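Chemist: Questions regarding the structure given below will be posed in turn.
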Amino acid sequence: MKKYLLPLAAALAVFVAGCSNGDGGGKDGSAEATLTVAATPVPHAEILKEIKPLLAKQGVNLEIKVFTDYVQPNMQVAQKQIDVNFFQTEPYLDAFNKERGTNLVKVVGVHIEPFGAYSKKFKSIDQLPDGANVVIPNDPSNNSRALLLLAKHGLITLKNPNDRLATLKDVATNPKNLKFRELEAAMLPRVLDEVDLALINTNYALAAGMNPVKDALLIEDKDSPYVNFLVSRPDNKDDPRVQKLAAALTSPEVKAFIEKNYNGAVLPAF
């Protein structure tokens with residue numbers, strides 16, 4: 001009887017080990033491996049949905065979690081509730097890590113969303129009156145991104161025109177006496193009717209039905225340094241599932257999808 005007990009115990013141990021993985025698969029990209037990714041709706045989640053079938057063929061079940069803010073996608077990755085996220089630029093990530101004490105890392109750069117200034121009241125930036133009400137994002141990197149765009153077009157000057165973390169305290173001159181208000185980035189399209197000018201991230205402009213190429217009074221050019229990255233933790237950056245997602249996000253299929261669907265409002269960065 002004893003000669004049967006040892007093989008049976010070994011078989012049970014293998015069975016238990018195989019059932020202990022909560023995602024139904026291992027980190028080796030096996031057929032049942034699931035990878036969770038947090039993303040904002042447009043264009044990030046749309047791009048992810050496009051490559052979901054491609055990853056399925058490679059043994060990765062991509063589970064997309066859609067968020068409308070910029071804080072929770074990072075917090076949930078840092079807390080290991082979600083594996084990776086796809087929504088942010090390097091300056092935003094750096095500022096978030098510094099402010100929140102997190103240690104999230106870049107995996108791969110995917111695309112650029114040229115940042116723009118919008119108005120429902122004026123057709124040209126030259127029509128913007130003295131004392132105009134201007135709203136800009138309140139997070140550090142997008143706050144400075146808005147100021148840098150205004151400075152580039154002569155509406156303000158900054159003490160350091162290359163400071164990617166400039167704030168309103170760094171405005172040197174304000175010839176039009178623009179009146180600034182800072183709001184959460186996701187709120188900006190909703191207040192566009194109430195203000196003279198709003199500096200809006202392209203993902204939120206697209207989600208609100210605006211065409212950045214046609215509707216923005218000011219817009220960053222193709223040389224913008226604000227590339228959107230796939231982001232992970234140091235402990236899972238080299239996970240085969242994450243690397244397969246990184247490869248898919250920088251594939252010819254994604255480049256063609258971006259160029260076909262966003263007409264210059266989103267630009268491939270690879």
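Each chain in the structure tokens gets a letter, A, B, ..., in the order shown, and its residues are numbered from 1; ligands are numbered from 1 in order too.
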Taking only C-alpha atoms into account, produce a table as CSV in which each residue of region 80-110 of chain A with an atom at most 8 Å from an atom of region 230-250 of chain A appears once, together with its shortest atom pair and the distance in Å to one decimal, ordered by chain and rising number.
Modeler:
residue,atom,partner,partner_atom,distance
A:Asp83,CA,A:Ser232,CA,6.7
A:Val84,CA,A:Ser232,CA,4.6
A:Asn85,CA,A:Val231,CA,5.3
A:Phe86,CA,A:Leu230,CA,4.6
A:Phe87,CA,A:Leu230,CA,7.3
A:Gln88,CA,A:Leu230,CA,7.8
A:Asn103,CA,A:Arg233,CA,6.8
A:Leu104,CA,A:Arg233,CA,4.8
A:Val105,CA,A:Ser232,CA,5.5
A:Lys106,CA,A:Val231,CA,4.6
A:Val107,CA,A:Leu230,CA,5.4
A:Val108,CA,A:Leu230,CA,5.5
A:Gly109,CA,A:Leu230,CA,6.5
A:Val110,CA,A:Thr250,CA,6.1
Chemist: Point out the residue among A:Met187, A:Gln72, A:Asn61, A:Asn263 with the least atom-to-atom distance to Lys49 (chain A), counting only C-alpha atoms.
Modeler: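 With only C-alpha atoms as the atom set, the closest residue is A:Asn61.
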Chemist: Write out as a list in words the set of residues from region 53-142 of chain A that DSSP, computed on the backbone, places in strand (DSSP E or B).
Modeler: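 Going through region 53-142 of chain A, the strand (DSSP E or B) residues come out as Val60, Asn61, Leu62, Glu63, Ile64, Lys65, Val66, Val84, Asn85, Phe86, Phe87, Gln88, Thr89, Val105, Lys106, Val107, Val108, Gly109, Val110, His111, Ile112, Gly116, Ala117, Tyr118, Asn133, Val134, Val135, Ile136 and Pro137 of chain A.
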Chemist: For CA of Ser141 (chain A) and CA of Pro129 (chain A), quote the distance in Å rounded to one decimal.
Modeler: 26.7 Å
Chemist: Mind checking DSSP for region 75-260 of chain A and telling me the alpha helix (DSSP H) residues as a compact mmCIF listing (two decimals) with C-alpha atoms, in the first residue's frame?
Modeler:
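part.txt written:
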# COMPACT_ATOMS: atom_id res chain seq x y z
CA MET A 75 -2.77 53.66 -6.91
CA GLN A 76 -4.31 50.32 -7.85
CA VAL A 77 -1.20 49.22 -9.72
CA ALA A 78 1.01 50.29 -6.81
CA GLU A 90 6.63 60.44 -18.06
CA PRO A 91 6.40 63.88 -16.38
CA TYR A 92 3.06 62.91 -14.82
CA LEU A 93 4.48 59.58 -13.64
CA ASP A 94 7.56 61.24 -12.14
CA ALA A 95 5.43 63.81 -10.29
CA PHE A 96 3.03 61.12 -9.05
CA ASN A 97 5.84 58.90 -7.73
CA LYS A 98 7.39 61.86 -5.93
CA GLU A 99 4.12 63.08 -4.42
CA ARG A 100 2.66 59.69 -3.45
CA PRO A 140 1.67 69.02 -11.61
CA SER A 141 2.73 67.73 -15.04
CA ASN A 142 -0.38 68.75 -16.99
CA ASN A 143 -0.50 72.06 -15.14
CA SER A 144 2.96 72.92 -16.44
CA ARG A 145 2.15 71.44 -19.85
CA ALA A 146 -0.68 73.96 -20.19
CA LEU A 147 1.53 76.84 -19.12
CA LEU A 148 4.29 75.80 -21.53
CA LEU A 149 1.80 75.75 -24.43
CA LEU A 150 0.52 79.24 -23.54
CA ALA A 151 4.07 80.51 -23.18
CA LYS A 152 5.10 79.07 -26.53
CA THR A 202 -6.49 65.04 -25.77
CA ASN A 203 -7.97 61.87 -24.26
CA TYR A 204 -10.61 63.96 -22.50
CA ALA A 205 -11.16 66.15 -25.57
CA LEU A 206 -11.76 63.07 -27.72
CA ALA A 207 -14.09 61.56 -25.14
CA PRO A 212 -8.17 68.33 -31.48
CA VAL A 213 -6.79 68.90 -34.96
CA LYS A 214 -9.80 70.99 -36.02
CA ASP A 215 -11.16 72.39 -32.77
CA PRO A 240 6.22 37.70 -19.97
CA ARG A 241 2.58 38.82 -20.06
CA VAL A 242 3.61 42.46 -19.63
CA GLN A 243 6.28 42.14 -22.29
CA LYS A 244 3.77 40.61 -24.72
CA LEU A 245 1.45 43.56 -24.10
CA ALA A 246 4.34 45.99 -24.65
CA ALA A 247 5.18 44.33 -27.96
CA ALA A 248 1.55 44.39 -29.07
CA LEU A 249 1.19 48.10 -28.19
CA PRO A 252 2.44 47.63 -36.91
CA GLU A 253 -1.21 46.82 -36.21
CA VAL A 254 -1.44 49.47 -33.49
CA LYS A 255 0.40 52.04 -35.58
CA ALA A 256 -2.06 51.49 -38.43
CA PHE A 257 -5.02 51.63 -36.01
CA ILE A 258 -3.87 54.96 -34.54
CA GLU A 259 -3.22 56.54 -37.92
CA LYS A 260 -6.57 55.37 -39.33
